[in-house]
$ cat data-v3.txt   # compact mmCIF, C-alpha atoms
# COMPACT_ATOMS: atom_id res chain seq x y z
CA SER A 1 42.94 41.91 -13.44
CA ARG A 2 43.76 44.24 -16.30
CA GLN A 3 42.95 47.32 -14.22
CA MET A 4 45.22 46.21 -11.39
CA CYS A 5 48.08 45.49 -13.82
CA GLU A 6 47.69 48.88 -15.51
CA GLU A 7 47.66 50.65 -12.13
CA LYS A 8 50.77 48.78 -10.99
CA LEU A 9 52.46 49.47 -14.32
CA ALA A 10 51.80 53.19 -13.83
CA GLN A 11 53.45 52.98 -10.40
CA ASP A 12 56.49 50.95 -11.51
CA SER A 13 57.31 50.87 -15.23
CA THR A 14 60.30 48.57 -14.64
CA ASP A 15 58.35 45.55 -13.37
CA ALA A 16 58.81 42.89 -16.06
CA THR A 17 56.26 40.50 -14.55
CA VAL A 18 53.52 43.12 -14.69
CA HIS A 19 54.44 43.84 -18.32
CA ALA A 20 54.15 40.12 -19.03
CA LEU A 21 50.75 39.77 -17.37
CA ILE A 22 49.25 42.80 -19.08
CA ALA A 23 50.61 41.62 -22.46
CA LYS A 24 48.82 38.34 -21.86
CA THR A 25 45.60 40.23 -21.06
CA TYR A 26 45.82 42.24 -24.27
CA TYR A 27 46.44 39.00 -26.16
CA SER A 28 43.29 37.43 -24.66
CA ASN A 29 41.29 40.42 -25.91
CA SER A 30 43.02 40.44 -29.35
CA GLU A 31 44.22 44.01 -28.70
CA TRP A 32 47.33 43.60 -30.83
CA GLU A 33 48.43 47.23 -30.98
CA GLU A 34 48.27 47.65 -27.20
CA MET A 35 50.08 44.35 -26.72
CA GLU A 36 52.81 45.40 -29.13
CA LYS A 37 53.39 48.60 -27.16
CA VAL A 38 53.80 46.63 -23.94
CA ILE A 39 56.15 44.14 -25.61
CA ASN A 40 58.27 46.95 -27.06
CA ARG A 41 58.55 48.61 -23.64
CA ALA A 42 59.35 45.29 -22.01
CA ALA A 43 62.17 44.66 -24.48
CA GLN A 44 64.19 47.31 -22.59
CA LEU A 45 63.88 45.45 -19.27
CA GLU A 46 65.74 42.60 -17.63
CA TRP A 47 63.70 39.43 -18.14
CA SER A 48 63.65 36.35 -15.99
CA PHE A 49 63.26 33.06 -17.86
CA GLN A 50 59.61 32.95 -16.76
CA ASP A 51 58.97 36.46 -18.07
CA SER A 52 60.62 35.59 -21.38
CA ILE A 53 58.10 32.76 -21.87
CA TYR A 54 55.25 35.19 -21.36
CA PHE A 55 56.70 37.92 -23.55
CA ILE A 56 57.91 35.81 -26.43
CA GLY A 57 54.74 33.72 -26.28
CA ALA A 58 52.61 36.85 -26.49
CA GLN A 59 54.77 38.21 -29.28
CA ALA A 60 54.55 34.89 -31.16
CA MET A 61 50.76 34.95 -31.03
CA MET A 62 50.69 38.57 -32.17
CA LEU A 63 52.97 37.88 -35.12
CA THR A 64 51.01 34.76 -36.07
CA TYR A 65 47.61 36.45 -36.01
CA ARG A 66 49.05 39.28 -38.08
CA ASP A 67 50.18 36.61 -40.58
CA LEU A 68 53.83 37.66 -40.59
CA ASN A 69 55.28 34.47 -42.07
CA ASP A 70 56.77 32.11 -39.48
CA GLU A 71 58.32 34.68 -37.13
CA GLY A 72 56.09 33.53 -34.29
CA VAL A 73 57.09 29.89 -34.82
CA GLU A 74 60.78 30.76 -34.79
CA ALA A 75 60.34 32.87 -31.64
CA MET A 76 58.91 29.88 -29.78
CA ARG A 77 61.19 27.20 -31.25
CA LYS A 78 64.24 28.62 -29.47
CA PHE A 79 62.87 27.24 -26.17
CA GLU A 80 62.91 23.59 -27.30
CA ARG A 81 66.50 23.00 -26.24
CA ALA A 82 65.97 24.68 -22.86
CA PHE A 83 63.01 22.46 -22.01
CA HIS A 84 64.95 19.32 -22.92
CA GLN A 85 67.40 20.06 -20.10
CA PRO A 86 67.06 18.11 -16.83
CA GLY A 87 65.21 20.07 -14.17
CA ALA A 88 63.35 22.30 -16.62
CA ASN A 89 60.39 24.10 -15.04
CA ALA A 90 57.35 21.91 -15.79
CA ILE A 91 54.85 24.75 -15.31
CA LEU A 92 56.61 26.94 -17.86
CA LEU A 93 56.94 23.92 -20.16
CA ALA A 94 53.16 23.41 -20.06
CA GLN A 95 52.48 27.09 -20.82
CA TRP A 96 55.02 27.09 -23.64
CA LEU A 97 53.52 23.89 -25.11
CA THR A 98 50.02 25.39 -25.21
CA ILE A 99 51.17 28.56 -27.01
CA TYR A 100 53.74 26.94 -29.33
CA THR A 101 51.40 24.23 -30.65
CA GLU A 102 48.61 26.76 -31.21
CA VAL A 103 51.00 28.94 -33.22
CA LEU A 104 52.03 25.91 -35.30
CA GLN A 105 48.41 24.98 -36.01
CA ILE A 106 47.48 28.53 -37.02
CA ARG A 107 50.44 28.52 -39.42
CA GLY A 108 49.13 25.28 -41.00
CA ARG A 109 51.79 22.98 -39.53
CA PRO A 110 49.70 20.40 -37.63
CA PHE A 111 52.16 17.53 -38.00
CA GLU A 112 54.94 19.59 -36.43
CA ALA A 113 52.52 20.45 -33.61
CA ARG A 114 51.87 16.72 -33.14
CA ARG A 115 55.62 16.08 -33.00
CA VAL A 116 56.01 18.76 -30.31
CA PHE A 117 53.17 17.28 -28.24
CA ASN A 118 54.58 13.75 -28.49
CA GLU A 119 58.08 14.92 -27.60
CA PHE A 120 57.32 17.22 -24.68
CA ILE A 121 54.14 15.96 -22.98
CA PRO A 122 56.06 13.07 -21.33
CA LEU A 123 58.46 15.65 -19.86
CA MET A 124 55.52 17.57 -18.39
CA ALA A 125 53.11 14.81 -17.39
CA ASN A 126 54.51 13.85 -13.99
CA GLU A 127 55.75 17.28 -12.97
CA ALA A 128 53.32 20.10 -13.86
CA PRO A 129 50.28 20.65 -11.59
CA PRO A 130 46.94 19.56 -13.13
CA ILE A 131 45.81 23.18 -13.57
CA TYR A 132 48.59 23.62 -16.18
CA GLN A 133 48.27 20.18 -17.78
CA GLY A 134 44.58 20.62 -18.66
CA PRO A 135 45.05 23.26 -21.40
CA VAL A 136 47.87 21.20 -22.97
CA TYR A 137 45.72 18.08 -23.26
CA ASN A 138 42.78 20.14 -24.51
CA SER A 139 44.97 21.58 -27.30
CA GLN A 140 46.23 18.10 -28.13
CA GLY A 141 42.63 16.87 -28.38
CA ILE A 142 41.71 19.69 -30.78
CA LEU A 143 44.74 18.92 -32.96
CA SER A 144 44.00 15.18 -33.09
CA PHE A 145 40.38 15.93 -33.98
CA SER A 146 41.44 18.24 -36.83
CA LEU A 147 43.68 15.45 -38.19
CA GLY A 148 40.83 12.92 -38.05
CA GLU A 149 42.61 10.95 -35.31
CA TYR A 150 39.43 10.50 -33.28
CA PRO A 151 40.52 7.83 -30.72
CA GLU A 152 43.60 9.93 -29.84
CA SER A 153 41.38 13.01 -29.56
CA ILE A 154 39.02 11.22 -27.13
CA LYS A 155 41.98 10.20 -24.95
CA ALA A 156 43.42 13.72 -24.88
CA PHE A 157 40.08 15.30 -23.94
CA GLN A 158 39.69 12.67 -21.20
CA LYS A 159 43.08 13.65 -19.77
CA ALA A 160 42.07 17.32 -19.96
CA ARG A 161 38.87 16.49 -18.09
CA GLU A 162 40.76 14.59 -15.37
CA SER A 163 43.27 17.43 -15.00
CA TYR A 164 40.52 20.04 -14.64
CA GLU A 165 38.66 17.85 -12.13
CA GLN A 166 41.80 17.52 -10.01
CA ALA A 167 42.46 21.25 -10.22
CA TRP A 168 38.96 22.68 -9.72
CA GLY A 169 36.51 19.88 -8.98
CA GLU A 170 33.86 18.11 -11.06
CA LEU A 171 31.55 21.12 -11.48
CA HIS A 172 34.04 23.49 -13.11
CA PRO A 173 33.10 24.89 -16.58
CA ARG A 174 36.27 23.49 -18.14
CA VAL A 175 35.26 19.99 -17.04
CA ALA A 176 31.93 20.49 -18.82
CA ASN A 177 33.79 21.78 -21.89
CA SER A 178 36.04 18.70 -22.00
CA ILE A 179 33.03 16.39 -21.77
CA ASN A 180 31.32 18.37 -24.53
CA ASN A 181 34.46 18.10 -26.69
CA GLN A 182 34.39 14.33 -26.33
CA GLY A 183 30.76 14.44 -27.44
CA VAL A 184 31.74 16.36 -30.57
CA VAL A 185 34.31 13.68 -31.44
CA TYR A 186 31.84 10.83 -30.84
CA TYR A 187 29.31 12.66 -33.04
CA HIS A 188 31.82 12.80 -35.92
CA MET A 189 32.63 9.12 -35.35
CA GLY A 190 28.94 8.35 -35.89
CA ASP A 191 28.47 7.17 -32.28
CA LEU A 192 25.34 9.24 -31.64
CA LEU A 193 24.37 7.58 -28.35
CA ARG A 194 27.73 8.30 -26.74
CA ALA A 195 27.72 11.79 -28.20
CA LYS A 196 24.29 12.41 -26.66
CA GLU A 197 25.47 11.02 -23.31
CA ASN A 198 28.42 13.42 -23.23
CA TYR A 199 26.39 16.42 -24.36
CA VAL A 200 23.73 15.80 -21.72
CA ILE A 201 26.31 15.42 -18.93
CA ALA A 202 27.98 18.67 -20.00
CA TYR A 203 24.57 20.34 -20.21
CA GLN A 204 23.63 19.21 -16.70
CA LEU A 205 26.95 20.42 -15.28
CA GLN A 206 26.26 23.84 -16.77
CA TYR A 207 23.05 24.15 -14.80
CA GLN A 208 24.35 22.63 -11.58
CA LYS A 209 27.10 25.24 -11.59
CA GLY A 210 24.80 28.02 -12.78
CA ILE A 211 27.14 28.98 -15.62
CA GLN A 212 26.12 32.26 -17.24
CA ASP A 213 28.09 31.98 -20.50
CA PRO A 214 25.46 32.48 -23.26
CA GLN A 215 27.70 31.21 -26.05
CA ALA A 216 28.50 27.99 -24.18
CA GLN A 217 24.84 27.42 -23.31
CA PHE A 218 23.83 28.02 -26.94
CA LEU A 219 26.44 25.51 -28.12
CA PHE A 220 25.51 22.83 -25.60
CA HIS A 221 21.78 23.06 -26.36
CA ASN A 222 22.40 22.94 -30.12
CA ASN A 223 24.69 19.92 -29.80
CA VAL A 224 22.24 17.94 -27.69
CA GLY A 225 19.34 18.90 -29.95
CA GLN A 226 21.19 17.90 -33.11
CA VAL A 227 21.95 14.44 -31.73
CA PHE A 228 18.27 13.92 -30.89
CA LEU A 229 17.45 15.09 -34.42
CA ASP A 230 19.85 12.54 -35.94
CA LEU A 231 18.29 9.89 -33.69
CA GLN A 232 14.86 10.76 -35.18
CA GLU A 233 13.60 12.13 -31.84
CA PRO A 234 12.28 15.53 -33.00
CA ALA A 235 10.25 16.37 -29.86
CA SER A 236 13.35 16.03 -27.66
CA ALA A 237 15.40 17.98 -30.20
CA LEU A 238 12.90 20.86 -30.17
CA SER A 239 12.98 21.06 -26.37
CA TYR A 240 16.69 21.90 -26.58
CA PHE A 241 16.40 24.15 -29.64
CA GLU A 242 13.74 26.23 -27.87
CA VAL A 243 16.23 27.07 -25.11
CA SER A 244 18.87 28.01 -27.71
CA SER A 245 16.34 30.27 -29.45
CA ALA A 246 15.91 32.30 -26.26
CA ILE A 247 19.65 32.96 -25.86
CA PHE A 248 20.47 35.01 -28.99
CA ARG A 249 18.42 37.29 -31.20
CA ASP A 250 19.00 37.37 -34.97
CA GLU A 251 20.87 40.66 -34.79
CA ASP A 252 23.18 39.33 -32.06
CA ALA A 253 24.55 36.39 -34.02
CA PHE A 254 22.76 35.92 -37.32
CA GLN A 255 24.66 32.93 -38.75
CA PRO A 256 24.50 30.71 -35.63
CA VAL A 257 20.81 31.59 -35.24
CA ALA A 258 20.19 30.90 -38.95
CA HIS A 259 21.77 27.45 -38.57
CA LEU A 260 19.61 26.83 -35.49
CA LYS A 261 16.46 27.72 -37.43
CA THR A 262 17.30 25.21 -40.16
CA LEU A 263 17.62 22.55 -37.44
CA ILE A 264 14.25 23.58 -35.97
CA ALA A 265 12.70 23.34 -39.43
CA SER A 266 14.15 19.82 -39.84
CA ALA A 267 12.64 18.79 -36.49
CA HIS A 268 9.19 19.99 -37.55
CA GLU A 269 9.59 18.15 -40.85
CA GLN A 270 10.42 14.94 -38.95
CA GLN A 271 7.19 15.45 -37.00
CA GLY A 272 5.33 15.54 -40.32
CA ASP A 273 4.66 19.29 -40.28
CA ALA A 274 6.24 20.28 -43.60
CA ASP A 275 4.18 23.50 -43.77
CA LYS A 276 5.64 24.78 -40.51
CA ALA A 277 9.15 23.82 -41.58
CA LEU A 278 8.60 25.68 -44.85
CA ALA A 279 7.36 28.81 -43.06
CA ILE A 280 10.49 28.88 -40.87
CA LEU A 281 12.83 28.56 -43.85
CA GLN A 282 10.94 31.17 -45.89
CA GLU A 283 11.18 33.65 -43.01
CA LEU A 284 14.90 32.93 -42.79
CA ARG A 285 15.25 33.44 -46.55
CA GLY A 286 13.60 36.88 -46.22
CA LYS A 287 16.09 37.91 -43.53
CA GLN A 288 19.03 36.76 -45.65
CA ILE A 289 17.75 38.88 -48.55
CA GLU A 290 17.38 41.87 -46.21
CA ARG A 291 21.04 41.41 -45.30
CA GLY A 292 22.05 41.39 -48.98
CA GLU A 293 23.09 37.73 -48.98
CA GLN A 294 21.28 36.61 -52.13
CA GLN A 295 24.53 35.38 -53.70
CA ASN A 296 26.15 34.14 -50.50
CA ILE A 297 27.27 30.51 -50.55
CA ARG A 298 25.34 30.00 -47.28
CA LEU A 299 22.17 30.49 -49.30
CA VAL A 300 22.73 27.24 -51.20
CA PHE A 301 21.81 24.95 -48.32
CA LEU A 302 18.74 27.02 -47.46
CA ALA A 303 17.53 27.12 -51.08
CA GLU A 304 18.03 23.36 -51.42
CA GLU A 305 16.03 22.71 -48.23
CA LEU A 306 13.26 25.07 -49.38
CA GLY A 307 13.11 23.39 -52.78
CA ARG A 308 12.97 19.92 -51.28
CA LEU A 309 10.12 20.90 -48.92
CA LEU A 310 8.18 22.62 -51.71
CA ALA A 311 8.52 19.51 -53.86
CA GLN A 312 7.28 17.40 -50.94
CA LEU A 313 4.19 19.65 -50.85
CA ASP A 314 3.71 19.24 -54.66
CA ARG A 315 4.64 22.89 -55.28
CA HIS A 316 7.10 21.90 -57.98
CA GLU A 317 7.22 25.16 -59.91
CA GLU A 318 8.38 27.00 -56.76
CA ALA A 319 10.76 24.14 -56.00
CA VAL A 320 12.46 24.50 -59.40
CA ALA A 321 12.92 28.23 -58.78
CA GLU A 322 14.72 27.46 -55.48
CA PHE A 323 16.92 24.79 -57.10
CA ASP A 324 17.79 27.24 -59.89
CA GLN A 325 18.89 29.89 -57.38
CA ALA A 326 21.06 27.41 -55.48
CA LEU A 327 22.61 26.17 -58.72
CA GLU A 328 23.38 29.73 -59.84
CA VAL A 329 25.29 30.48 -56.62
CA LEU A 330 27.16 27.16 -56.70
CA GLU A 331 28.18 27.52 -60.35
CA GLN A 332 29.51 31.03 -59.65
CA ASN A 333 31.67 29.80 -56.78
CA PHE A 334 32.86 26.36 -57.89
CA SER A 335 34.14 24.64 -61.00
CA GLY A 336 34.75 21.00 -61.76
CA PRO A 337 32.99 17.93 -60.32
CA ASN A 338 30.76 18.78 -57.37
CA PRO A 339 28.46 16.31 -55.55
CA GLN A 340 26.16 19.11 -54.36
CA LEU A 341 25.59 20.20 -57.97
CA VAL A 342 24.73 16.60 -58.83
CA ALA A 343 22.18 16.39 -56.01
CA LEU A 344 20.58 19.72 -56.94
CA GLN A 345 20.30 18.85 -60.63
CA ASN A 346 18.69 15.52 -59.77
CA LEU A 347 16.17 17.21 -57.45
CA ARG A 348 15.43 19.79 -60.15
CA SER A 349 14.98 17.04 -62.74
CA GLU A 350 12.40 15.21 -60.60
CA SER A 351 10.33 18.38 -60.05
CA LEU A 352 10.44 19.12 -63.79
CA ARG A 353 9.19 15.59 -64.50
CA GLN A 354 6.32 16.16 -62.09
CA LEU A 355 5.50 19.34 -64.03
CA GLY A 356 5.50 17.33 -67.29
CA ASN A 357 8.54 19.13 -68.73
CA LEU A 358 10.49 16.05 -69.79
CA GLN A 359 12.90 17.86 -72.10
CA LEU A 360 14.20 20.14 -69.33
CA ALA A 361 14.21 17.18 -66.91
CA GLN A 362 16.51 15.26 -69.28
CA GLU A 363 18.78 18.31 -69.57
CA SER A 364 19.01 18.46 -65.76
CA ASN A 365 19.99 14.79 -65.70
CA ARG A 366 22.67 15.49 -68.31
CA GLN A 367 24.01 18.39 -66.22
CA ALA A 368 24.09 16.11 -63.17
CA PHE A 369 26.33 13.69 -65.06
CA ILE A 370 28.63 16.55 -66.08
CA ALA A 371 28.77 17.89 -62.52
CA GLY A 372 29.71 14.41 -61.34
CA GLY A 373 32.64 14.33 -63.75
CA LEU A 374 30.97 11.79 -66.05
CA ASN A 375 30.53 11.82 -69.80
CA SER A 376 27.63 14.01 -70.88
CA THR A 377 26.09 11.27 -73.02
CA HIS A 378 24.16 8.66 -71.07
CA PRO A 379 21.15 6.40 -71.45
CA ASP A 380 17.87 7.99 -70.39
$ encode --input "data-v3.txt" --output "structure tokens"
Amino acid sequence: SRQMCEEKLAQDSTDATVHALIAKTYYSNSEWEEMEKVINRAAQLEWSFQDSIYFIGAQAMMLTYRDLNDEGVEAMRKFERAFHQPGANAILLAQWLTIYTEVLQIRGRPFEARRVFNEFIPLMANEAPPIYQGPVYNSQGILSFSLGEYPESIKAFQKARESYEQAWGELHPRVANSINNQGVVYYHMGDLLRAKENYVIAYQLQYQKGIQDPQAQFLFHNNVGQVFLDLQEPASALSYFEVSSAIFRDEDAFQPVAHLKTLIASAHEQQGDADKALAILQELRGKQIERGEQQNIRLVFLAEELGRLLAQLDRHEEAVAEFDQALEVLEQNFSGPNPQLVALQNLRSESLRQLGNLQLAQESNRQAFIAGGLNSTHPD
């Protein structure tokens, strides 16, 4: 633990391993200044090869998060040749791979990270214990997902899951996380049934193990609920959203809770209760205004949803006011063709037609054509 490391460091300031472990602890807590002090002290000591992985890895992460060019990348690259040598320590290779590829991704170099994975995972696969392989495969899965390489991402998360199961058993939280990650990929592939299957398995593992991580529970419940929502099963979706609602208060995590409330509103709308959906979104709008977020880009989605619901309830004048507010924020933040501007102008045009204001409705249609990058003259 951090306390034990600090106590041991106070007793023996020449122990490089303790310096390495406490640097890693500070890194986990994003305490960059404290970590830098430890690294600077450790620079005066004799390092073993293992300690150098810890120190330079910690230093690389610190430099990367502080956005100091590619110093962190260069600090980690020097180990490539060492790990190509026969008999290289597979455990250290796995730890280096996890840190190095994360540094590369943060620096916006995903294809180099993919090259490193492809080159070094075969050197690790048959040698490193499963407990060290799991994080490597998890990182590879995240990278493949970010590149849109979904089948490769599924395979990597499956290997992470198998590694964690071998290391800690089927009920470990990291097993649940790997299953959840596969669900996320299936969701983005449009395979909602498999996504739901993975989310539910991960959700059940959470409760069998009695995991007390609020953020993870919030995420799992939202994921399962959203799949049910996409499958047009609003009652099932709401049963999961209700659990999420009990985990965080608005002041604890406003944006995740705000997103959850829009999902709850959508579920009520699917059940045919547009008035209840509208009340939820209007309450959320009031809280955003209290927080001074009237011009925040996050307001666009909320205003569009409010306008659409108001139009559905034949309250077209109020709907136009919502569409106007969303358009104002979008136009301030974006220029050029924008599909969201097109959609908003078309929604606004329809409400104006319902109000009998055909001239303004035609102008909205014209603006939709402009926002779509088309010529402003068109047949009406």
$ atom_distance --input "data-v3.txt" --atom1 "CA of Glu152 in chain A" --atom2 "CA of Pro214 in chain A"
29.7 Å
$ residues_near_point --input "data-v3.txt" --point "(11.6, 21.1, -58.9)" --cutoff "10 Å" --atoms "all atoms listed in the file" --output "list in words"
Gly307, Arg308, Leu310, Ala311, Gln312, Asp314, Arg315, His316, Glu317, Glu318, Ala319, Val320, Ala321, Glu322, Phe323, Asp324, Leu344, Gln345, Asn346, Leu347, Arg348, Ser349, Glu350, Ser351, Leu352, Arg353, Gln354, Leu355 and Ala361 of chain A
$ closest_residue --input "data-v3.txt" --among "A:Tyr240, A:Tyr132, A:Trp96, A:Phe120" --to "Ser163 in chain A" --atoms "all atoms listed in the file"
A:Tyr132
$ residues_around --input "data-v3.txt" --residues "Gln166 in chain A" --least-positions-apart "2" --cutoff "10 Å" --atoms "all atoms listed in the file" --output "PDB file with C-alpha atoms, keeping the file's coordinate frame"
ATOM      1  CA  PRO A 129      50.280  20.650 -11.590  1.00  0.00           C
ATOM      2  CA  PRO A 130      46.940  19.560 -13.130  1.00  0.00           C
ATOM      3  CA  ILE A 131      45.810  23.180 -13.570  1.00  0.00           C
ATOM      4  CA  GLY A 134      44.580  20.620 -18.660  1.00  0.00           C
ATOM      5  CA  ALA A 160      42.070  17.320 -19.960  1.00  0.00           C
ATOM      6  CA  ARG A 161      38.870  16.490 -18.090  1.00  0.00           C
ATOM      7  CA  GLU A 162      40.760  14.590 -15.370  1.00  0.00           C
ATOM      8  CA  SER A 163      43.270  17.430 -15.000  1.00  0.00           C
ATOM      9  CA  TYR A 164      40.520  20.040 -14.640  1.00  0.00           C
ATOM     10  CA  TRP A 168      38.960  22.680  -9.720  1.00  0.00           C
ATOM     11  CA  GLY A 169      36.510  19.880  -8.980  1.00  0.00           C
ATOM     12  CA  GLU A 170      33.860  18.110 -11.060  1.00  0.00           C
ATOM     13  CA  VAL A 175      35.260  19.990 -17.040  1.00  0.00           C
TER      14      VAL A 175
END
$ residues_around --input "data-v3.txt" --residues "Leu171 in chain A" --least-positions-apart "2" --cutoff "9 Å" --atoms "all atoms listed in the file" --output "PyMOL selection string"
chain A and resi 165+168-169+173-176+205-206+208-209
$ atom_distance --input "data-v3.txt" --atom1 "CA of Ala279 in chain A" --atom2 "CA of Leu341 in chain A"
25.1 Å
$ residues_near_point --input "data-v3.txt" --point "(45.0, 26.4, -35.8)" --cutoff "12 Å" --atoms "all atoms listed in the file" --output "PyMOL selection string"
chain A and resi 61+64-65+98-111+113+139-140+142-147
$ atom_distance --input "data-v3.txt" --atom1 "CA of Val200 in chain A" --atom2 "CA of His268 in chain A"
21.9 Å
$ residues_around --input "data-v3.txt" --residues "Lys261 in chain A" --least-positions-apart "6" --cutoff "12 Å" --atoms "only C-alpha atoms" --output "PDB file with C-alpha atoms, in the frame of the given file"
ATOM      1  CA  ASN A 222      22.400  22.940 -30.120  1.00  0.00           C
ATOM      2  CA  GLY A 225      19.340  18.900 -29.950  1.00  0.00           C
ATOM      3  CA  GLN A 226      21.190  17.900 -33.110  1.00  0.00           C
ATOM      4  CA  LEU A 238      12.900  20.860 -30.170  1.00  0.00           C
ATOM      5  CA  PHE A 241      16.400  24.150 -29.640  1.00  0.00           C
ATOM      6  CA  GLU A 242      13.740  26.230 -27.870  1.00  0.00           C
ATOM      7  CA  SER A 244      18.870  28.010 -27.710  1.00  0.00           C
ATOM      8  CA  SER A 245      16.340  30.270 -29.450  1.00  0.00           C
ATOM      9  CA  PHE A 248      20.470  35.010 -28.990  1.00  0.00           C
ATOM     10  CA  ARG A 249      18.420  37.290 -31.200  1.00  0.00           C
ATOM     11  CA  ASP A 250      19.000  37.370 -34.970  1.00  0.00           C
ATOM     12  CA  PHE A 254      22.760  35.920 -37.320  1.00  0.00           C
ATOM     13  CA  GLN A 255      24.660  32.930 -38.750  1.00  0.00           C
ATOM     14  CA  ALA A 267      12.640  18.790 -36.490  1.00  0.00           C
ATOM     15  CA  HIS A 268       9.190  19.990 -37.550  1.00  0.00           C
ATOM     16  CA  LYS A 276       5.640  24.780 -40.510  1.00  0.00           C
ATOM     17  CA  ALA A 277       9.150  23.820 -41.580  1.00  0.00           C
ATOM     18  CA  LEU A 278       8.600  25.680 -44.850  1.00  0.00           C
ATOM     19  CA  ALA A 279       7.360  28.810 -43.060  1.00  0.00           C
ATOM     20  CA  ILE A 280      10.490  28.880 -40.870  1.00  0.00           C
ATOM     21  CA  LEU A 281      12.830  28.560 -43.850  1.00  0.00           C
ATOM     22  CA  GLN A 282      10.940  31.170 -45.890  1.00  0.00           C
ATOM     23  CA  GLU A 283      11.180  33.650 -43.010  1.00  0.00           C
ATOM     24  CA  LEU A 284      14.900  32.930 -42.790  1.00  0.00           C
ATOM     25  CA  ARG A 285      15.250  33.440 -46.550  1.00  0.00           C
ATOM     26  CA  LYS A 287      16.090  37.910 -43.530  1.00  0.00           C
ATOM     27  CA  LEU A 302      18.740  27.020 -47.460  1.00  0.00           C
ATOM     28  CA  GLU A 305      16.030  22.710 -48.230  1.00  0.00           C
TER      29      GLU A 305
END
$ closest_residue --input "data-v3.txt" --among "A:Phe369, A:Phe117, A:Tyr150, A:Tyr137" --to "Val184 in chain A" --atoms "all atoms listed in the file"
A:Tyr150
$ residues_around --input "data-v3.txt" --residues "Gln182 in chain A" --least-positions-apart "3" --cutoff "6 Å" --atoms "only C-alpha atoms" --output "PyMOL selection string"
chain A and resi 154+179+185
$ closest_residue --input "data-v3.txt" --among "A:Ser239, A:Gln3, A:Gln215, A:Gln340" --to "Val257 in chain A" --atoms "only C-alpha atoms"
A:Gln215
$ residues_around --input "data-v3.txt" --residues "Asn89 in chain A" --least-positions-apart "3" --cutoff "12 Å" --atoms "all atoms listed in the file" --output "PyMOL selection string"
chain A and resi 49-50+53+79+82-86+92-96+123-124+126-129+132
$ axis_aligned_box --input "data-v3.txt" --around "range 225-236 of chain A" --padding-each-side "8 Å" --output "AutoDock Vina command-line options"
--center_x 16.1 --center_y 14.4 --center_z -31.8 --size_x 27.7 --size_y 25.0 --size_z 24.3
